[in-house]
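Undergrad: Below you'll find the structure I mean.
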Amino acid sequence: MATYPSSPPTRPTPAEPVKPWFGQFALVAIILLGICVAVFAVAAVTTMWAADEARDEAKAVAANVAAGKAESAATAQAAHDHNTALPLNSFAGVVPDNATELAEAHKAYDATMPAVPSGDLVKVQMTLKDMVVEVAPGVKYNTWAFDGHGAPGPIVHVREGQTVEMTLTNGGAIPHSIDFHAARIAPNVAFKDVAPGDSFTFRFEAGDPGVYMYHCGTKPVLAHIANGMYGAIVVEPKEGLPAVDNEYVLVASEWYLNGDGISEPASLDMSKARAMMPDWTTFNGYANQYVTHPLTAGPGETTRFWVVAAGPTLDTNFHVVGTIFDRAWVNGDIANPPQTGVQTVLVPAGGGAVFDVKVDEEGLYPFVSHAFAHVDLGQVGLLKVGNPKGTMTH
């Protein structure tokens, strides 16, 4: 009988030690605690950043409020300081401390309409010259202007049908020319550049009644006009206009300065001119001159304004405070009946218009560009009717 060896005795397998439950919980708790600490740290940093931002914004607001109060106070002070207040000063330009005395001593441009020369041929001679002029009290500017006149040039007054013989002499340092808006003529022939030291003559018939601009047409035209090379020509209709008591010619323009013009004469700032940001706007080349030296009329008289906007860029919104235009020939169109009962008329840059106004009551009547930023830059004057008492506070 076969026998089989017996198997060795089996040993019981020892059981794994049981891990206590609280050890697993502690591990999870540690992990969660770490996450919470990280979250709280991020939240704290974010809160601190937000607090810093809020504090900075509050400081900025406070600073702006303080600056606004300071600016308002400065503006209010300027409004009561005769040396810095309008109408002697511009919000963009400045004047010296003795501006009032300088304004009174200034000889105002004669705005009175000259008589029409007799005969069929009217000879006009102009010499262009580099010269220093004043554009506001104590404010000097290097112009390319008209010898004996400055800016604007002389008022040319002719009658419809007369022939104008224009002789231009260039007394400056660079080429110049002259462009008459009243002429029907080939510009490449008549308005050509004239070299320094040379003269040039051309003729045209004044066949279109109205008030027109003339100016230098040499490139860049913006610079030549901005430097003072402009003026007005009036072409009376053959049959005339209704009779009036007073006639004045006003040429509106603007000045762009590269300095204040007080310590030394300023010159053209072409960047300001291109951006249409003038330091001064004027009637007849000098800011507020007809405030200190008013144009005059008598009670019950009719006054005619011949207005040209020379620019070089800005229009003029012509208005007389305290009255209404009895007649307005818009765009200088005096071949047709005028508009009546008009309050304000746009005179575009390079354009002209004619205004009749009858004032019965004695007083001071401001004439302005009703784009009032222009007034704050110096484009304002007074029509003094009779001998009123007091001053103008409008």
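Residues in the structure tokens are named by chain (A, B, ... in the order shown) and by number from 1 within that chain; ligands are numbered from 1 in the order shown.
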Select from stretch 102-189 of chain A every residue with an atom at most 8 Å from any atom of stretch 242-261 of chain A, then for each give the shortest pair of atoms and their distance in Å to one decimal, using only C-alpha atoms, rows by chain and rising number, as a Markdown table.

TA:
| residue | atom | partner | partner_atom | distance |
| --- | --- | --- | --- | --- |
| A:Ala111 | CA | A:Tyr248 | CA | 5.1 |
| A:Thr112 | CA | A:Tyr248 | CA | 4.6 |
| A:Met113 | CA | A:Tyr248 | CA | 5.4 |
| A:Val135 | CA | A:Trp255 | CA | 7.9 |
| A:Gly138 | CA | A:Gly261 | CA | 7.7 |
| A:Val139 | CA | A:Gly261 | CA | 4.7 |
| A:Lys140 | CA | A:Gly261 | CA | 4.8 |
| A:Tyr141 | CA | A:Gly261 | CA | 6.2 |
| A:Pro152 | CA | A:Val251 | CA | 7.2 |
| A:Ile155 | CA | A:Val249 | CA | 7.7 |

Undergrad: For the residues selected in the previous step, produce a file with N, CA and C atoms as a PDB file, in the first residue's frame.

TA:
ATOM      1  N   ALA A 111     -10.863 152.104 -38.657  1.00  0.00           N
ATOM      2  CA  ALA A 111     -11.843 151.250 -39.331  1.00  0.00           C
ATOM      3  C   ALA A 111     -12.782 152.037 -40.243  1.00  0.00           C
ATOM      4  N   THR A 112     -12.650 153.337 -40.295  1.00  0.00           N
ATOM      5  CA  THR A 112     -13.544 154.170 -41.101  1.00  0.00           C
ATOM      6  C   THR A 112     -13.357 153.882 -42.587  1.00  0.00           C
ATOM      7  N   MET A 113     -14.443 153.699 -43.289  1.00  0.00           N
ATOM      8  CA  MET A 113     -14.386 153.445 -44.723  1.00  0.00           C
ATOM      9  C   MET A 113     -13.781 154.646 -45.457  1.00  0.00           C
ATOM     10  N   VAL A 135      -0.301 142.693 -31.128  1.00  0.00           N
ATOM     11  CA  VAL A 135      -1.584 142.055 -31.399  1.00  0.00           C
ATOM     12  C   VAL A 135      -2.511 142.130 -30.186  1.00  0.00           C
ATOM     13  N   GLY A 138       0.845 145.095 -25.074  1.00  0.00           N
ATOM     14  CA  GLY A 138       2.154 144.609 -24.662  1.00  0.00           C
ATOM     15  C   GLY A 138       2.576 143.301 -25.290  1.00  0.00           C
ATOM     16  N   VAL A 139       1.791 142.763 -26.221  1.00  0.00           N
ATOM     17  CA  VAL A 139       2.090 141.469 -26.848  1.00  0.00           C
ATOM     18  C   VAL A 139       2.569 141.716 -28.277  1.00  0.00           C
ATOM     19  N   LYS A 140       3.834 141.411 -28.528  1.00  0.00           N
ATOM     20  CA  LYS A 140       4.435 141.687 -29.843  1.00  0.00           C
ATOM     21  C   LYS A 140       4.565 140.402 -30.657  1.00  0.00           C
ATOM     22  N   TYR A 141       4.500 140.593 -31.991  1.00  0.00           N
ATOM     23  CA  TYR A 141       4.513 139.431 -32.895  1.00  0.00           C
ATOM     24  C   TYR A 141       5.293 139.773 -34.165  1.00  0.00           C
ATOM     25  N   PRO A 152      -4.401 144.150 -40.280  1.00  0.00           N
ATOM     26  CA  PRO A 152      -4.512 143.903 -41.717  1.00  0.00           C
ATOM     27  C   PRO A 152      -3.888 145.019 -42.548  1.00  0.00           C
ATOM     28  N   ILE A 155      -7.384 149.292 -46.320  1.00  0.00           N
ATOM     29  CA  ILE A 155      -8.725 149.075 -46.882  1.00  0.00           C
ATOM     30  C   ILE A 155      -8.734 149.620 -48.308  1.00  0.00           C
TER      31      ILE A 155
END

Undergrad: Would you give me, as a list in words, the residues in stretch 139-353 of chain A that DSSP reads as helix (DSSP H, G or I)?

TA: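 Put together, the selection reads Pro187, Asn188, Val189, Ala190, Val221, Leu222, Ala223, His224, Ile225, Ala226, Met270, Ser271, Lys272, Ala273, Arg274, Ala275, Gln289, Tyr290, Val291, Thr292, Val330, Asn331 and Gly332 of chain A.
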
Undergrad: Restricting the output to C-alpha atoms, write the selected residues as a tab-separated table (two decimals), in the first residue's frame.

TA:
chain	number	residue	atom	x	y	z
A	187	PRO	CA	-4.34	133.05	-60.52
A	188	ASN	CA	-1.26	131.47	-62.07
A	189	VAL	CA	-0.76	134.75	-63.96
A	190	ALA	CA	-1.82	137.43	-61.46
A	221	VAL	CA	-1.11	129.75	-47.34
A	222	LEU	CA	-2.02	128.96	-43.73
A	223	ALA	CA	1.31	130.35	-42.55
A	224	HIS	CA	1.23	133.47	-44.73
A	225	ILE	CA	-2.28	134.48	-43.67
A	226	ALA	CA	-1.61	133.58	-40.02
A	270	MET	CA	2.30	126.18	-36.91
A	271	SER	CA	1.10	123.31	-34.70
A	272	LYS	CA	-1.39	125.61	-32.98
A	273	ALA	CA	-2.50	126.98	-36.36
A	274	ARG	CA	-3.16	123.49	-37.70
A	275	ALA	CA	-5.00	122.55	-34.51
A	289	GLN	CA	-8.92	147.64	-29.37
A	290	TYR	CA	-12.44	148.94	-29.99
A	291	VAL	CA	-13.36	148.29	-26.36
A	292	THR	CA	-10.76	150.81	-25.22
A	330	VAL	CA	-25.11	137.70	-46.29
A	331	ASN	CA	-21.98	136.37	-48.02
A	332	GLY	CA	-21.31	139.88	-49.28

Undergrad: Could you give me, as a list in words, the residues within 6 Å of A:His319, counting only C-alpha atoms and dropping anything in the same chain fewer than 3 positions from it?

TA: Thr344, Phe367 and Val368 of chain A

Undergrad: For the residues in the current selection, export N, CA and C atoms as a PDB file, in the first residue's frame.

TA:
ATOM      1  N   THR A 344     -27.920 137.367 -35.875  1.00  0.00           N
ATOM      2  CA  THR A 344     -26.522 136.941 -35.983  1.00  0.00           C
ATOM      3  C   THR A 344     -26.305 136.338 -37.358  1.00  0.00           C
ATOM      4  N   PHE A 367     -20.045 144.756 -30.297  1.00  0.00           N
ATOM      5  CA  PHE A 367     -20.119 143.918 -31.503  1.00  0.00           C
ATOM      6  C   PHE A 367     -19.104 142.797 -31.322  1.00  0.00           C
ATOM      7  N   VAL A 368     -19.537 141.582 -31.630  1.00  0.00           N
ATOM      8  CA  VAL A 368     -18.772 140.396 -31.251  1.00  0.00           C
ATOM      9  C   VAL A 368     -18.889 139.320 -32.324  1.00  0.00           C
TER      10      VAL A 368
END

Undergrad: Calculate how many Å separate atom CA of A:Ala182 from atom CA of A:Leu314, rounding to one decimal.

TA: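 Between these atoms lies a distance of 20.5 Å.
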
Undergrad: Could you check how far atom CA of A:Pro137 sits from atom CA of A:His106, in Å to one decimal?

TA: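 Pair atom CA of A:Pro137 / atom CA of A:His106 returns 7.7 Å.
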
Undergrad: Skipping near chain neighbours, those fewer than 4 positions away, what residues fall within 8 Å of stretch 119-124 of chain A using only C-alpha atoms, listed as a PDB file with C-alpha atoms, in the first residue's frame?

TA:
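Now in selection34.pdb:
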ATOM      1  CA  VAL A 156      -9.204 149.182 -50.652  1.00  0.00           C
ATOM      2  CA  VAL A 158     -13.559 150.994 -55.312  1.00  0.00           C
ATOM      3  CA  GLY A 161     -16.757 148.842 -63.019  1.00  0.00           C
ATOM      4  CA  GLN A 162     -13.502 150.530 -62.022  1.00  0.00           C
ATOM      5  CA  THR A 163     -10.213 148.878 -62.983  1.00  0.00           C
ATOM      6  CA  VAL A 164      -7.809 148.092 -60.184  1.00  0.00           C
ATOM      7  CA  GLU A 165      -4.093 148.255 -60.982  1.00  0.00           C
ATOM      8  CA  MET A 166      -2.294 146.378 -58.235  1.00  0.00           C
ATOM      9  CA  THR A 167       1.457 146.727 -57.731  1.00  0.00           C
TER      10      THR A 167
END

Undergrad: I want to know what sits within 8 Å of A:Thr282, based on only C-alpha atoms, with residues of the same chain fewer than 2 positions away left out; could you give that as a PDB file with N, CA and C atoms, in the first residue's frame?

TA:
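Output saved as selection16.pdb:
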ATOM      1  N   VAL A 135      -0.301 142.693 -31.128  1.00  0.00           N
ATOM      2  CA  VAL A 135      -1.584 142.055 -31.399  1.00  0.00           C
ATOM      3  C   VAL A 135      -2.511 142.130 -30.186  1.00  0.00           C
ATOM      4  N   ALA A 252     -11.774 140.247 -39.297  1.00  0.00           N
ATOM      5  CA  ALA A 252     -11.597 139.318 -38.184  1.00  0.00           C
ATOM      6  C   ALA A 252     -10.473 138.339 -38.523  1.00  0.00           C
ATOM      7  N   SER A 253      -9.661 138.030 -37.515  1.00  0.00           N
ATOM      8  CA  SER A 253      -8.562 137.083 -37.745  1.00  0.00           C
ATOM      9  C   SER A 253      -8.116 136.501 -36.414  1.00  0.00           C
ATOM     10  N   GLU A 254      -7.193 135.527 -36.493  1.00  0.00           N
ATOM     11  CA  GLU A 254      -6.654 134.918 -35.285  1.00  0.00           C
ATOM     12  C   GLU A 254      -5.132 134.867 -35.337  1.00  0.00           C
ATOM     13  N   TRP A 280      -4.976 134.500 -29.599  1.00  0.00           N
ATOM     14  CA  TRP A 280      -5.767 135.734 -29.683  1.00  0.00           C
ATOM     15  C   TRP A 280      -6.625 135.698 -30.934  1.00  0.00           C
ATOM     16  N   ASN A 284      -9.461 143.690 -36.813  1.00  0.00           N
ATOM     17  CA  ASN A 284      -8.425 144.596 -37.338  1.00  0.00           C
ATOM     18  C   ASN A 284      -7.090 144.453 -36.621  1.00  0.00           C
ATOM     19  N   GLY A 285      -6.759 143.207 -36.275  1.00  0.00           N
ATOM     20  CA  GLY A 285      -5.402 142.859 -35.900  1.00  0.00           C
ATOM     21  C   GLY A 285      -4.980 143.028 -34.464  1.00  0.00           C
ATOM     22  N   TYR A 286      -5.793 143.656 -33.615  1.00  0.00           N
ATOM     23  CA  TYR A 286      -5.389 143.941 -32.245  1.00  0.00           C
ATOM     24  C   TYR A 286      -6.555 143.618 -31.322  1.00  0.00           C
ATOM     25  N   ALA A 287      -6.320 142.778 -30.318  1.00  0.00           N
ATOM     26  CA  ALA A 287      -7.396 142.297 -29.451  1.00  0.00           C
ATOM     27  C   ALA A 287      -8.051 143.429 -28.671  1.00  0.00           C
ATOM     28  N   ASN A 288      -9.368 143.471 -28.741  1.00  0.00           N
ATOM     29  CA  ASN A 288     -10.183 144.361 -27.903  1.00  0.00           C
ATOM     30  C   ASN A 288      -9.920 145.856 -28.097  1.00  0.00           C
ATOM     31  N   LEU A 377     -11.124 135.477 -26.413  1.00  0.00           N
ATOM     32  CA  LEU A 377      -9.793 135.555 -27.016  1.00  0.00           C
ATOM     33  C   LEU A 377      -9.505 136.942 -27.586  1.00  0.00           C
ATOM     34  N   GLY A 378     -10.485 137.862 -27.500  1.00  0.00           N
ATOM     35  CA  GLY A 378     -10.219 139.239 -27.900  1.00  0.00           C
ATOM     36  C   GLY A 378     -11.027 139.784 -29.050  1.00  0.00           C
ATOM     37  N   GLN A 379     -11.952 139.019 -29.618  1.00  0.00           N
ATOM     38  CA  GLN A 379     -12.701 139.496 -30.793  1.00  0.00           C
ATOM     39  C   GLN A 379     -14.006 140.158 -30.328  1.00  0.00           C
ATOM     40  N   VAL A 380     -13.856 141.391 -29.852  1.00  0.00           N
ATOM     41  CA  VAL A 380     -14.990 142.149 -29.343  1.00  0.00           C
ATOM     42  C   VAL A 380     -14.653 143.632 -29.426  1.00  0.00           C
TER      43      VAL A 380
END

Undergrad: Return the single residue from A:Met229, A:Ala206, A:Val133, A:Pro220 that is closest to A:Ala145, with distances computed using only C-alpha atoms.

TA: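 Checking each candidate against A:Ala145, we get A:Met229 as the closest.
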
Undergrad: Which neighbours of A:Gly300 fall inside 7 Å, counting only C-alpha atoms, when residues of the same chain fewer than 3 positions from it are skipped, and could you give them as number ranges by chain?

TA: A: 358-360

Undergrad: Taking the backbone alone, and naming residues the way the document does, which bits of stretch 150-340 of chain A are strand (DSSP E or B) by DSSP, as a PyMOL selection string?

TA: chain A and resi 150+156-159+163-170+176+179-180+194+199-205+210-215+230-236+246-255+257+266+268+280-283+286+295-297+301-311+316-320+325+327-329+339

Undergrad: Please provide the set of residues having any atom within 9 Å of A:Ala335, restricted to only C-alpha atoms, with same-chain residues fewer than 6 positions apart removed, written as a list in words.

TA: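 With the cut-off at 9 Å, the set is Asp208, Pro209, Gly210, Pro237 and Trp329 of chain A.
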
Undergrad: Store the residues of this selection in a file with N, CA and C atoms, as an mmCIF file, in the first residue's frame.

TA:
data_model
loop_
_atom_site.group_PDB
_atom_site.id
_atom_site.type_symbol
_atom_site.label_atom_id
_atom_site.label_comp_id
_atom_site.auth_asym_id
_atom_site.auth_seq_id
_atom_site.Cartn_x
_atom_site.Cartn_y
_atom_site.Cartn_z
ATOM 1 N N ASP A 208 -17.811 142.784 -59.534
ATOM 2 C CA ASP A 208 -18.768 142.129 -58.632
ATOM 3 C C ASP A 208 -18.842 142.899 -57.318
ATOM 4 N N PRO A 209 -19.943 143.621 -57.086
ATOM 5 C CA PRO A 209 -20.030 144.395 -55.832
ATOM 6 C C PRO A 209 -20.066 143.481 -54.612
ATOM 7 N N GLY A 210 -19.468 143.962 -53.539
ATOM 8 C CA GLY A 210 -19.436 143.200 -52.292
ATOM 9 C C GLY A 210 -18.235 143.587 -51.465
ATOM 10 N N PRO A 237 -21.602 148.894 -55.291
ATOM 11 C CA PRO A 237 -22.387 148.770 -56.519
ATOM 12 C C PRO A 237 -22.535 150.129 -57.206
ATOM 13 N N TRP A 329 -26.604 141.847 -45.764
ATOM 14 C CA TRP A 329 -26.264 141.233 -47.048
ATOM 15 C C TRP A 329 -25.310 140.077 -46.751
#

Undergrad: Nearest residue to A:Gly197 out of A:Met276, A:Val375, A:Val307, A:Leu128, using only C-alpha atoms?

TA: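 Comparing A:Met276, A:Val375, A:Val307, A:Leu128 against A:Gly197, the winner is A:Leu128.
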
Undergrad: With only C-alpha atoms as the atoms that count, which of A:Tyr212, A:Tyr230, A:Tyr365, A:Phe325 lies nearest to A:Pro348?

TA: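 Of A:Tyr212, A:Tyr230, A:Tyr365, A:Phe325, the one nearest A:Pro348 is A:Tyr212, counting only C-alpha atoms.
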